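The structure file query-v7.txt is reproduced below (compact mmCIF, C-alpha atoms and all ligand atoms).
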```
# COMPACT_ATOMS: atom_id res chain seq x y z
CA MET A 6 19.61 16.70 3.35
CA ASP A 7 16.59 16.83 1.14
CA GLU A 8 16.15 13.46 -0.54
CA PHE A 9 14.74 15.19 -3.62
CA HIS A 10 17.52 17.42 -4.89
CA TYR A 11 19.27 18.63 -8.03
CA ARG A 12 22.58 16.99 -8.83
CA GLY A 13 24.38 17.93 -12.01
CA GLY A 14 21.33 20.03 -12.94
CA VAL A 15 18.98 17.05 -12.79
CA LEU A 16 16.35 16.36 -10.14
CA HIS A 17 17.14 13.18 -8.24
CA CYS A 18 15.41 11.13 -5.63
CA GLU A 19 18.31 9.99 -3.46
CA ASP A 20 20.83 8.76 -6.06
CA VAL A 21 18.39 8.12 -8.87
CA PRO A 22 17.72 10.72 -11.58
CA LEU A 23 13.97 11.15 -11.90
CA HIS A 24 14.32 11.04 -15.70
CA GLU A 25 15.30 7.40 -15.30
CA ILE A 26 12.15 6.61 -13.32
CA ALA A 27 9.91 8.56 -15.69
CA ARG A 28 11.37 6.57 -18.60
CA GLY A 29 11.31 3.23 -16.86
CA ALA A 30 7.99 3.39 -15.02
CA GLY A 31 6.18 5.91 -17.22
CA THR A 32 4.07 8.82 -16.03
CA PRO A 33 2.13 9.61 -14.00
CA ALA A 34 4.03 7.86 -11.24
CA TYR A 35 4.45 8.39 -7.53
CA VAL A 36 8.04 8.19 -6.34
CA TYR A 37 8.88 7.63 -2.68
CA SER A 38 12.22 7.99 -0.96
CA TYR A 39 13.09 5.34 1.60
CA ALA A 40 15.62 7.65 3.23
CA ALA A 41 13.05 10.42 3.63
CA LEU A 42 10.57 8.02 5.24
CA GLU A 43 13.24 6.74 7.59
CA ARG A 44 14.50 10.19 8.47
CA ALA A 45 11.06 11.59 9.27
CA TYR A 46 10.06 8.50 11.22
CA ARG A 47 13.24 8.65 13.29
CA GLU A 48 12.79 12.36 13.87
CA VAL A 49 9.35 11.74 15.39
CA GLU A 50 10.62 8.73 17.27
CA GLU A 51 13.56 10.64 18.78
CA ALA A 52 11.41 13.61 19.72
CA PHE A 53 9.66 11.38 22.24
CA SER A 54 12.84 9.95 23.69
CA GLY A 55 12.83 9.95 27.46
CA LEU A 56 9.13 9.09 27.44
CA ASP A 57 7.68 5.61 27.18
CA HIS A 58 6.15 5.87 23.70
CA LEU A 59 5.13 4.30 20.41
CA VAL A 60 5.02 6.11 17.08
CA CYS A 61 2.24 4.77 14.90
CA PHE A 62 2.07 5.58 11.21
CA ALA A 63 -1.34 6.67 9.93
CA VAL A 64 -1.88 4.15 7.15
CA LYS A 65 -4.44 6.36 5.45
CA ALA A 66 -1.68 8.76 4.45
CA ASN A 67 0.09 6.13 2.39
CA GLY A 68 -0.97 2.51 2.43
CA ASN A 69 1.48 1.12 -0.08
CA LEU A 70 2.68 -2.25 1.13
CA ALA A 71 6.36 -1.44 0.57
CA VAL A 72 6.09 1.88 2.39
CA LEU A 73 4.32 0.14 5.25
CA ARG A 74 6.89 -2.64 5.31
CA ALA A 75 9.69 -0.09 5.50
CA LEU A 76 8.08 1.63 8.48
CA ALA A 77 7.14 -1.61 10.22
CA SER A 78 10.76 -2.74 9.92
CA LEU A 79 11.90 0.49 11.53
CA GLY A 80 9.70 -0.39 14.51
CA ALA A 81 6.69 1.79 13.83
CA GLY A 82 3.18 0.90 14.87
CA ALA A 83 0.15 1.48 12.66
CA ASP A 84 -2.91 3.66 13.07
CA ILE A 85 -5.72 2.18 11.01
CA VAL A 86 -9.27 3.28 10.25
CA SER A 87 -10.78 0.34 8.39
CA GLY A 88 -10.70 -3.40 7.92
CA GLY A 89 -8.90 -2.75 4.65
CA GLU A 90 -6.15 -0.87 6.44
CA LEU A 91 -5.94 -3.66 9.02
CA TYR A 92 -5.47 -6.11 6.16
CA ARG A 93 -2.73 -3.98 4.64
CA ALA A 94 -1.03 -3.49 7.99
CA MET A 95 -0.99 -7.21 8.69
CA ARG A 96 0.25 -8.03 5.18
CA ALA A 97 2.99 -5.44 5.59
CA GLY A 98 4.21 -7.10 8.77
CA PHE A 99 3.15 -4.71 11.52
CA ASP A 100 3.05 -6.25 14.96
CA PRO A 101 -0.66 -6.35 15.92
CA LYS A 102 0.43 -5.30 19.41
CA LYS A 103 1.37 -1.98 17.81
CA VAL A 104 -1.89 -1.41 15.92
CA VAL A 105 -4.51 1.12 17.01
CA PHE A 106 -7.89 1.25 15.29
CA ALA A 107 -9.74 4.59 15.00
CA GLY A 108 -12.78 5.69 13.02
CA VAL A 109 -16.37 6.70 13.76
CA GLY A 110 -17.99 3.98 11.69
CA LYS A 111 -16.31 0.67 12.39
CA THR A 112 -18.55 -2.17 11.23
CA GLU A 113 -19.13 -5.36 13.15
CA GLN A 114 -16.93 -7.18 10.67
CA GLU A 115 -14.12 -4.68 11.22
CA LEU A 116 -14.39 -4.84 15.00
CA LYS A 117 -14.30 -8.63 14.80
CA ALA A 118 -11.22 -8.55 12.58
CA GLY A 119 -9.44 -6.27 15.04
CA LEU A 120 -10.36 -8.53 17.95
CA GLY A 121 -9.19 -11.51 15.94
CA GLU A 122 -5.76 -9.96 15.43
CA ARG A 123 -5.60 -8.95 19.11
CA ILE A 124 -4.63 -5.42 18.16
CA LEU A 125 -3.28 -3.08 20.82
CA MET A 126 -6.51 -1.11 21.13
CA PHE A 127 -9.62 0.33 19.59
CA ASN A 128 -10.05 4.07 19.74
CA VAL A 129 -13.75 4.10 20.50
CA GLU A 130 -15.79 7.01 19.23
CA SER A 131 -19.31 6.32 20.51
CA ALA A 132 -21.38 4.49 23.12
CA GLY A 133 -22.80 2.26 20.41
CA GLU A 134 -19.37 1.16 19.31
CA LEU A 135 -18.38 0.31 22.87
CA GLU A 136 -21.51 -1.81 23.28
CA HIS A 137 -20.78 -3.60 20.02
CA LEU A 138 -17.24 -4.33 21.14
CA GLU A 139 -18.40 -5.75 24.46
CA ARG A 140 -20.91 -8.01 22.75
CA LEU A 141 -18.50 -9.21 20.05
CA ALA A 142 -15.61 -9.74 22.44
CA HIS A 143 -17.90 -11.76 24.71
CA LEU A 144 -19.23 -13.80 21.80
CA HIS A 145 -15.78 -14.66 20.49
CA GLY A 146 -14.05 -15.12 23.82
CA LYS A 147 -11.75 -12.12 23.35
CA ARG A 148 -10.83 -9.06 25.34
CA ALA A 149 -11.19 -5.63 23.79
CA ARG A 150 -8.61 -3.07 24.86
CA VAL A 151 -10.10 0.35 24.44
CA ALA A 152 -9.17 4.01 24.48
CA LEU A 153 -11.91 6.62 24.50
CA ARG A 154 -11.39 9.09 21.71
CA ILE A 155 -12.41 12.35 23.22
CA ASN A 156 -13.30 15.45 21.36
CA PRO A 157 -11.29 18.05 23.24
CA GLY A 158 -13.14 20.96 21.65
CA VAL A 159 -10.02 22.67 20.37
CA ASP A 160 -9.69 24.51 17.08
CA PRO A 161 -6.50 23.30 15.40
CA GLY A 162 -6.52 26.26 13.01
CA THR A 163 -6.37 24.14 9.86
CA HIS A 164 -8.58 23.56 6.80
CA GLU A 165 -12.14 22.84 7.91
CA HIS A 166 -12.27 19.54 6.01
CA ILE A 167 -9.33 18.20 7.98
CA SER A 168 -10.10 19.69 11.35
CA THR A 169 -11.49 17.08 13.70
CA GLY A 170 -11.25 18.25 17.30
CA ASN A 171 -13.73 21.11 17.39
CA VAL A 172 -17.01 20.81 19.23
CA GLU A 173 -19.22 20.31 16.18
CA SER A 174 -17.10 17.58 14.65
CA LYS A 175 -18.47 14.08 14.08
CA PHE A 176 -15.31 12.68 15.65
CA GLY A 177 -14.77 11.56 19.19
CA ILE A 178 -16.84 11.59 22.33
CA PRO A 179 -17.74 14.99 23.77
CA ALA A 180 -15.51 15.55 26.79
CA ASP A 181 -18.50 15.84 29.15
CA GLU A 182 -19.85 12.42 28.08
CA ALA A 183 -16.58 10.55 28.39
CA LEU A 184 -16.90 9.97 32.13
CA SER A 185 -20.41 8.58 32.01
CA LEU A 186 -19.45 6.31 29.15
CA ALA A 187 -16.45 5.11 31.11
CA GLU A 188 -18.68 4.38 34.11
CA ARG A 189 -20.89 2.27 31.88
CA ALA A 190 -17.87 0.38 30.64
CA LYS A 191 -17.26 -0.72 34.24
CA GLY A 192 -20.19 -3.06 33.88
CA PHE A 193 -18.75 -4.60 30.72
CA ARG A 194 -16.99 -7.91 31.16
CA CYS A 195 -14.82 -8.05 28.06
CA VAL A 196 -13.79 -4.43 27.61
CA ASP A 197 -10.66 -3.05 29.27
CA LEU A 198 -10.57 0.73 29.24
CA ILE A 199 -6.86 1.45 29.12
CA GLY A 200 -6.40 4.70 27.23
CA VAL A 201 -7.45 8.17 26.23
CA HIS A 202 -7.16 9.21 22.60
CA GLN A 203 -7.41 12.52 20.82
CA HIS A 204 -6.77 13.66 17.27
CA ILE A 205 -7.58 17.29 16.63
CA GLY A 206 -6.87 17.69 12.94
CA SER A 207 -4.30 17.53 10.23
CA GLN A 208 -1.65 19.84 8.78
CA ILE A 209 -1.45 21.64 12.12
CA VAL A 210 1.29 24.25 12.07
CA LYS A 211 1.12 25.49 15.67
CA VAL A 212 1.88 23.81 18.95
CA ALA A 213 -0.73 25.73 20.95
CA PRO A 214 -3.73 23.54 19.95
CA TYR A 215 -1.75 20.46 20.98
CA VAL A 216 -0.79 22.01 24.31
CA GLU A 217 -4.40 22.82 25.08
CA SER A 218 -5.89 19.53 23.92
CA VAL A 219 -3.20 17.36 25.51
CA GLU A 220 -3.81 19.11 28.82
CA ARG A 221 -7.48 18.24 28.57
CA SER A 222 -6.76 14.65 27.61
CA ALA A 223 -4.25 14.30 30.44
CA ALA A 224 -6.80 15.70 32.88
CA LEU A 225 -9.21 13.03 31.72
CA VAL A 226 -6.53 10.38 32.28
CA ASP A 227 -6.21 11.61 35.89
CA GLU A 228 -9.93 11.73 36.42
CA LEU A 229 -10.45 8.23 35.06
CA ARG A 230 -7.65 6.90 37.23
CA SER A 231 -9.17 8.50 40.29
CA ARG A 232 -12.32 6.57 39.45
CA GLY A 233 -10.44 3.31 39.46
CA PHE A 234 -9.62 2.82 35.78
CA ASP A 235 -6.20 1.50 34.91
CA ILE A 236 -5.39 4.07 32.20
CA ARG A 237 -1.99 3.25 30.74
CA TYR A 238 -2.02 5.01 27.37
CA LEU A 239 -2.38 8.58 26.21
CA ASN A 240 -2.66 8.89 22.44
CA ILE A 241 -2.11 12.42 21.17
CA GLY A 242 -3.12 11.61 17.57
CA GLY A 243 -1.37 12.80 14.48
CA GLY A 244 -1.68 16.01 12.54
CA LEU A 245 1.74 17.61 12.61
CA GLY A 246 2.01 19.82 9.52
CA ILE A 247 4.68 20.01 6.85
CA ARG A 248 5.96 22.86 4.72
CA TYR A 249 4.12 22.77 1.40
CA ARG A 250 4.88 26.39 0.58
CA ASP A 251 6.20 28.73 3.23
CA GLU A 252 4.49 27.49 6.38
CA GLU A 253 6.55 27.82 9.56
CA THR A 254 6.00 24.38 10.98
CA PRO A 255 7.13 23.18 14.38
CA SER A 256 9.49 20.23 14.35
CA PRO A 257 8.46 17.06 16.18
CA ALA A 258 11.01 17.97 18.86
CA GLU A 259 9.44 21.41 19.30
CA LEU A 260 6.00 19.87 19.53
CA VAL A 261 7.06 17.29 22.10
CA GLU A 262 9.02 19.82 24.16
CA ALA A 263 5.89 21.95 24.47
CA ILE A 264 3.81 19.08 25.79
CA ARG A 265 6.52 17.02 27.50
CA PRO A 266 5.73 18.12 31.07
CA THR A 267 2.09 17.11 30.65
CA LEU A 268 2.99 13.85 28.93
CA ALA A 269 5.59 12.99 31.56
CA ALA A 270 3.28 13.84 34.45
CA SER A 271 0.58 11.57 33.02
CA GLY A 272 2.80 8.57 33.64
CA ALA A 273 1.12 6.96 30.64
CA LYS A 274 2.70 5.37 27.60
CA ILE A 275 2.45 7.99 24.87
CA LEU A 276 1.16 7.07 21.44
CA CYS A 277 1.09 9.28 18.38
CA GLU A 278 -0.30 8.71 14.90
CA MET A 279 1.64 10.79 12.42
CA GLY A 280 0.88 10.28 8.74
CA ARG A 281 1.64 13.36 6.71
CA TYR A 282 4.78 14.30 8.61
CA ILE A 283 6.34 10.92 7.90
CA ALA A 284 5.17 10.29 4.34
CA GLY A 285 4.34 13.69 2.82
CA PRO A 286 7.80 15.03 2.00
CA ALA A 287 8.94 11.50 1.06
CA GLY A 288 6.94 11.46 -2.16
CA ALA A 289 6.63 13.25 -5.49
CA LEU A 290 4.23 12.75 -8.35
CA LEU A 291 5.89 12.67 -11.75
CA THR A 292 3.66 13.89 -14.52
CA GLY A 293 4.33 14.22 -18.22
CA VAL A 294 3.36 17.34 -20.13
CA LEU A 295 0.93 16.54 -22.95
CA TYR A 296 0.08 19.95 -24.37
CA ARG A 297 0.42 23.67 -23.90
CA LYS A 298 -2.56 25.87 -24.67
CA ARG A 299 -4.00 29.29 -24.02
CA SER A 300 -7.51 30.43 -23.31
CA GLY A 301 -7.95 34.18 -23.25
CA GLU A 302 -5.32 35.50 -20.89
CA ARG A 303 -4.77 32.15 -19.26
CA SER A 304 -2.02 29.76 -20.08
CA PHE A 305 -2.36 26.02 -19.45
CA ILE A 306 0.11 23.23 -19.06
CA VAL A 307 -1.89 20.08 -19.69
CA ALA A 308 -0.35 17.13 -17.89
CA ASP A 309 -1.07 13.42 -17.78
CA ALA A 310 -1.85 13.49 -14.04
CA GLY A 311 -5.13 14.93 -12.85
CA MET A 312 -7.36 15.29 -9.85
CA ASN A 313 -8.03 11.56 -9.83
CA ASP A 314 -4.32 10.99 -9.21
CA LEU A 315 -3.76 13.82 -6.70
CA ILE A 316 -6.96 15.38 -5.44
CA ARG A 317 -5.54 17.70 -2.77
CA PRO A 318 -5.35 20.85 -4.91
CA SER A 319 -8.92 20.40 -6.18
CA LEU A 320 -10.38 19.33 -2.86
CA TYR A 321 -8.64 21.65 -0.43
CA GLY A 322 -7.05 24.25 -2.67
CA ALA A 323 -3.81 22.72 -1.47
CA TYR A 324 -0.47 24.02 -2.71
CA HIS A 325 2.12 21.58 -4.02
CA GLU A 326 5.42 22.84 -5.32
CA VAL A 327 6.07 21.94 -8.97
CA LEU A 328 9.66 21.35 -10.06
CA PRO A 329 11.18 20.74 -13.48
CA LEU A 330 13.39 17.67 -13.84
CA ASP A 331 16.07 19.86 -15.40
CA GLU A 332 17.21 22.68 -13.17
CA GLY A 333 16.97 26.28 -14.24
CA ALA A 334 13.92 26.03 -16.52
CA ASP A 335 12.29 29.37 -17.34
CA GLN A 336 9.18 30.22 -15.36
CA THR A 337 5.78 31.03 -16.78
CA ARG A 338 2.48 32.08 -15.26
CA ALA A 339 0.13 29.16 -15.88
CA ASP A 340 -2.27 26.56 -14.58
CA LEU A 341 -1.09 22.98 -14.39
CA VAL A 342 -4.18 20.96 -15.28
CA GLY A 343 -4.97 17.32 -15.87
CA PRO A 344 -7.04 15.48 -18.49
CA VAL A 345 -10.09 15.01 -16.25
CA CYS A 346 -13.35 16.50 -17.50
CA GLU A 347 -13.90 18.94 -14.65
CA SER A 348 -12.95 22.58 -14.37
CA GLY A 349 -11.77 21.81 -10.86
CA ASP A 350 -9.14 19.47 -12.24
CA PHE A 351 -5.86 21.22 -11.54
CA LEU A 352 -2.61 20.50 -9.75
CA ALA A 353 -1.55 24.16 -9.60
CA ARG A 354 -3.55 27.25 -10.45
CA ASP A 355 -2.35 30.64 -11.62
CA ARG A 356 1.20 30.04 -10.52
CA ASP A 357 4.72 30.67 -11.68
CA LEU A 358 5.53 27.25 -13.06
CA PRO A 359 8.35 25.72 -15.06
CA ASP A 360 7.85 26.70 -18.69
CA ALA A 361 7.52 23.07 -19.69
CA ARG A 362 7.16 21.82 -23.26
CA GLU A 363 5.31 18.80 -24.56
CA GLY A 364 7.16 15.68 -23.50
CA ASP A 365 8.78 17.30 -20.45
CA VAL A 366 8.21 15.79 -17.05
CA LEU A 367 7.33 17.77 -13.93
CA ALA A 368 7.57 16.72 -10.30
CA VAL A 369 4.72 17.65 -7.98
CA MET A 370 6.32 17.70 -4.58
CA ASN A 371 5.23 16.67 -1.08
CA ALA A 372 2.83 14.16 -2.55
CA GLY A 373 3.79 11.17 -0.41
CA ALA A 374 0.83 11.57 1.95
CA TYR A 375 -2.80 11.61 0.82
CA GLY A 376 -1.64 11.31 -2.78
CA PHE A 377 -2.04 7.81 -4.11
CA SER A 378 -4.13 6.87 -1.08
CA MET A 379 -6.85 9.28 -2.25
CA ALA A 380 -6.50 8.48 -5.95
CA SER A 381 -9.51 7.20 -7.85
CA ASN A 382 -10.42 5.81 -11.25
CA TYR A 383 -12.62 8.78 -12.15
CA ASN A 384 -12.92 9.22 -15.91
CA SER A 385 -11.88 5.55 -16.10
CA ARG A 386 -8.27 6.51 -15.61
CA PRO A 387 -6.01 3.69 -14.44
CA ARG A 388 -4.24 4.73 -11.26
CA PRO A 389 -0.55 5.56 -11.53
CA ALA A 390 2.43 3.38 -10.73
CA GLU A 391 4.23 3.76 -7.41
CA VAL A 392 7.99 3.55 -7.13
CA LEU A 393 10.25 3.26 -4.11
CA VAL A 394 13.82 4.53 -4.22
CA ARG A 395 16.58 3.45 -1.85
CA GLU A 396 19.96 5.02 -2.56
CA ASP A 397 20.77 4.11 -6.16
CA ARG A 398 18.13 1.40 -6.45
CA TRP A 399 14.50 1.77 -7.38
CA ALA A 400 11.58 -0.57 -7.81
CA VAL A 401 7.99 -0.35 -8.92
CA VAL A 402 6.06 -1.07 -5.72
CA ARG A 403 2.66 -0.87 -7.35
CA GLU A 404 2.10 -1.49 -10.99
CA ARG A 405 0.29 1.06 -13.04
CA GLU A 406 -3.28 -0.11 -13.44
CA HIS A 407 -4.43 -1.45 -16.78
CA TYR A 408 -7.83 -1.31 -18.46
CA PRO A 409 -8.95 -4.74 -17.18
CA ASP A 410 -8.38 -3.42 -13.65
CA LEU A 411 -11.00 -0.79 -14.37
CA ILE A 412 -13.81 -3.29 -14.88
CA ARG A 413 -12.70 -5.94 -12.41
CA GLY A 414 -15.74 -7.09 -10.47
CA GLU A 415 -18.25 -5.53 -12.85
CA LEU A 416 -20.91 -7.86 -14.18
CA VAL A 417 -23.41 -7.60 -16.99
CA PRO A 418 -26.61 -9.36 -15.84
CA ALA A 419 -28.41 -11.99 -17.89
CA PHE A 420 -31.50 -9.77 -18.36
CA LEU A 421 -29.63 -7.47 -20.70
N1 LIG A 501 -5.15 9.85 13.46
C1 LIG A 501 -6.42 10.04 13.10
C2 LIG A 501 -7.48 9.56 13.98
C3 LIG A 501 -6.71 10.69 11.89
O1 LIG A 501 -7.98 10.89 11.56
C4 LIG A 501 -5.67 11.15 11.07
C5 LIG A 501 -5.94 11.84 9.80
C6 LIG A 501 -4.34 10.89 11.48
C7 LIG A 501 -4.12 10.26 12.69
C8 LIG A 501 -3.15 11.32 10.66
O2 LIG A 501 -3.09 12.68 10.47
P1 LIG A 501 -1.77 13.33 9.82
O3 LIG A 501 -0.63 13.10 10.77
O4 LIG A 501 -1.53 12.65 8.53
O5 LIG A 501 -2.12 14.74 9.66
N2 LIG A 501 -6.81 14.02 3.21
C9 LIG A 501 -6.36 15.14 4.00
C10 LIG A 501 -5.93 14.73 5.38
C11 LIG A 501 -7.00 13.99 6.15
C12 LIG A 501 -6.52 13.52 7.49
C13 LIG A 501 -7.52 12.62 8.13
N3 LIG A 501 -7.12 12.08 9.39
C14 LIG A 501 -5.27 15.88 3.25
O6 LIG A 501 -4.93 15.46 2.14
O7 LIG A 501 -4.79 16.89 3.72
```

With the file now loaded, output its structure as structure tokens.
Ligand code: LLP
Amino acid sequence: MDEFHYRGGVLHCEDVPLHEIARGAGTPAYVYSYAALERAYREVEEAFSGLDHLVCFAVKANGNLAVLRALASLGAGADIVSGGELYRAMRAGFDPKKVVFAGVGKTEQELKAGLGERILMFNVESAGELEHLERLAHLHGKRARVALRINPGVDPGTHEHISTGNVESKFGIPADEALSLAERAKGFRCVDLIGVHQHIGSQIVKVAPYVESVERSAALVDELRSRGFDIRYLNIGGGLGIRYRDEETPSPAELVEAIRPTLAASGAKILCEMGRYIAGPAGALLTGVLYRKRSGERSFIVADAGMNDLIRPSLYGAYHEVLPLDEGADQTRADLVGPVCESGDFLARDRDLPDAREGDVLAVMNAGAYGFSMASNYNSRPRPAEVLVREDRWAVVREREHYPDLIRGELVPAFL
């Protein structure tokens, strides 16, 4: 069942009419469904059954504490990319033994924090980072468990901004350098090389790039083992796509079936780092219609949410379905735009949209991943509220920002 559905002609999230949330929490507001998060998480989890595995949630997709707590309670691990995400993950209650830390630019402070929490492993992306880890672990009397993030040189066939596994990408270690780096790590006293990691991109809608890259990663696992390394983990990254419009996306089960023989033969514990698949369909952005206007041939629906609240359409030309709260609204050809002072500020462009009037509320769908987590205060706009729904209950899980939040930390110096 889709957790966002019409019942009695009114769009609901689980058992709560979205009108009620729009009235109670105001707009714009992100609304997340607990049931949708749980369902998607379990779907990924069950796809790997029969294999020793851990499903990590990519915190960057949605870092809300309540969302994270829900997933941690279901048994998920966390994939983090910054000290800030480590902080969130710990506050949300993730077991540090289920936390993996990726990212090309981890600072000394971030590495230290990860060592301090004794996280499961660092996905190391460069020789310099490995050296830093060795030094810091030695200094603080810790051991650093490490996976080498390799760049498998595979084109995931997705938007270039979110494609990470091709040869020219800044991410990962080129496959031909991984072995020499591993050999160097042999001389390190405080680093345990225990895994191989890959992540080839995001919103991937085909299994073929996974098949190819996982084969390469698994071959590296074998090679490293033959050189005496105790490689126990193979991390296949995240990236599984969702249906925003009409994409034919593989299910987690289809993905895992395609790579299962390779995963099983590796004998390693399998990690994955899904973000979008788990959180994307679990969220919608509610936005109130402020005005209707025309300009030449073009018709505009001006809403109270803009690119600062949901940047995906502006940044990637991404498509998000737009639904009326009351079923059966007439359609009109229009742009759904926000109040931000940029021509690139739109949530939908030249589309058949609900013919909404001033005061109506629209739901921008599939906004649970990379929605709020990429929101900004551009144009000094307070960021929206976030709401979590569970059956017939709902709660604000992040308050709408207020004006004082906008200037928090700003100082006017004495010389003015
Ligand atoms: N692991 C690593 C190392 C990653 O870099 C990412 C995403 C993930 C896992 C999770 O990928 P997912 O399963 O969510 O596709 N802002 C873009 C997406 C950027 C993804 C960056 N890395 C968007 O809105 O489409």

- Task: With only C-alpha atoms and all ligand atoms counted, collect every polymer residue having an atom within 9 Å of ligand LIG 501 (chain A); state the result as a ChimeraX atom specification.
- Result: /A:61-66,84-86,106-108,128,154,164,166-169,176,202-209,241-246,277-285,316-318,320-321,323,374-376,378-379

- Write out as a PyMOL selection string the residues lying within 10 Å of region 147-150 of chain A, counting all atoms listed in the file and excluding same-chain residues fewer than 4 positions away. chain A and resi 105+116-117+119-121+123-129+135+138-139+141-143+194-200

Preceding selection exported with C-alpha atoms as an mmCIF file, in the coordinates of the input:
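Result file selection.cif:
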```cif
data_model
loop_
_atom_site.group_PDB
_atom_site.id
_atom_site.type_symbol
_atom_site.label_atom_id
_atom_site.label_comp_id
_atom_site.auth_asym_id
_atom_site.auth_seq_id
_atom_site.Cartn_x
_atom_site.Cartn_y
_atom_site.Cartn_z
ATOM 1 C CA VAL A 105 -4.510 1.120 17.010
ATOM 2 C CA LEU A 116 -14.390 -4.840 15.000
ATOM 3 C CA LYS A 117 -14.300 -8.630 14.800
ATOM 4 C CA GLY A 119 -9.440 -6.270 15.040
ATOM 5 C CA LEU A 120 -10.360 -8.530 17.950
ATOM 6 C CA GLY A 121 -9.190 -11.510 15.940
ATOM 7 C CA ARG A 123 -5.600 -8.950 19.110
ATOM 8 C CA ILE A 124 -4.630 -5.420 18.160
ATOM 9 C CA LEU A 125 -3.280 -3.080 20.820
ATOM 10 C CA MET A 126 -6.510 -1.110 21.130
ATOM 11 C CA PHE A 127 -9.620 0.330 19.590
ATOM 12 C CA ASN A 128 -10.050 4.070 19.740
ATOM 13 C CA VAL A 129 -13.750 4.100 20.500
ATOM 14 C CA LEU A 135 -18.380 0.310 22.870
ATOM 15 C CA LEU A 138 -17.240 -4.330 21.140
ATOM 16 C CA GLU A 139 -18.400 -5.750 24.460
ATOM 17 C CA LEU A 141 -18.500 -9.210 20.050
ATOM 18 C CA ALA A 142 -15.610 -9.740 22.440
ATOM 19 C CA HIS A 143 -17.900 -11.760 24.710
ATOM 20 C CA ARG A 194 -16.990 -7.910 31.160
ATOM 21 C CA CYS A 195 -14.820 -8.050 28.060
ATOM 22 C CA VAL A 196 -13.790 -4.430 27.610
ATOM 23 C CA ASP A 197 -10.660 -3.050 29.270
ATOM 24 C CA LEU A 198 -10.570 0.730 29.240
ATOM 25 C CA ILE A 199 -6.860 1.450 29.120
ATOM 26 C CA GLY A 200 -6.400 4.700 27.230
#
```

- Item | Two-atom distance - CA of Lys211 (chain A), CA of Ser174 (chain A) (Å) | 19.9 Å

Report as CSV the residues of region 232-308 of chain A within 6 Å of region 33-38 of chain A, each with its shortest atom pair and distance in Å (one decimal), using all atoms listed in the file, ordered by chain and increasing residue number.
```
residue,atom,partner,partner_atom,distance
A:Ala287,CA,A:Ser38,CA,5.2
A:Gly288,CA,A:Tyr37,CA,4.3
A:Ala289,CA,A:Val36,CA,5.3
A:Leu290,CA,A:Tyr35,CA,4.4
A:Leu291,CA,A:Ala34,CA,5.2
A:Thr292,CA,A:Pro33,CA,4.6
```

- Task: Find the residues around Pro344 (chain A) up to 9 Å (all atoms listed in the file counted), leave out those fewer than 3 positions away in its own chain, and share them as JSON, numbers by chain.
- Result: {"A": [307, 308, 309, 310, 311, 312, 347, 350, 384]}

- Item | Near-region 214-223 of chain A list (6 Å; only C-alpha atoms; drop same-chain fewer than 4 positions) as a PyMOL selection string | chain A and resi 157+161+264

- When distances are computed from all atoms listed in the file, which of A:Tyr249, A:Gly31, A:Leu144, A:Ala77 shows the smallest separation from Tyr46 (chain A)?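 Selected residue with least distance to Tyr46 (chain A): A:Ala77.
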
- How many Å separate CA of Tyr238 (chain A) from CA of His137 (chain A)?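 Here the two named atoms are 21.9 Å from each other.
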
- Message: Please report the interatomic distance between CA of Leu315 (chain A) and CA of Asn371 (chain A) in Å with one decimal.
- Response: 11.0 Å

- Test item: residues at most 6 Å from region 352-354 of chain A, only C-alpha atoms, excluding those fewer than 6 positions along its chain, as a VMD selection string: chain A and resid 318 340 to 342

Any chance you could tabulate, as JSON lines, the residues of region 366-406 of chain A at most 7 Å from region 330-333 of chain A with each one's nearest atom pair and distance in Å to one decimal, using only C-alpha atoms, in chain and rising number order?
```
{"residue": "A:Val366", "atom": "CA", "partner": "A:Leu330", "partner_atom": "CA", "distance": 6.4}
{"residue": "A:Leu367", "atom": "CA", "partner": "A:Leu330", "partner_atom": "CA", "distance": 6.1}
{"residue": "A:Ala368", "atom": "CA", "partner": "A:Leu330", "partner_atom": "CA", "distance": 6.9}
```

- Task: Tell me which protein, DNA and RNA residues are within 10 Å of Asp355 (chain A), counting all atoms listed in the file, leaving out same-chain ones fewer than 2 positions away, and put them as an MDAnalysis selection string.
- Result: chainID A and resid 303:305 337:341 353 357:358

Box in all listed atoms of region 27-31 of chain A, axis-aligned, with 6 Å more on each side; write out centre and edge lengths in Å to one decimal as JSON.
```
{"center_x": 8.8, "center_y": 5.9, "center_z": -16.8, "size_x": 17.2, "size_y": 17.3, "size_z": 15.6}
```

- Message: Nearest residue to Tyr296 (chain A) out of A:Ala361, A:Leu23, A:Leu79, A:Met95, using all atoms listed in the file?
- Response: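 Using all atoms listed in the file, Tyr296 (chain A) sits closest to A:Ala361.
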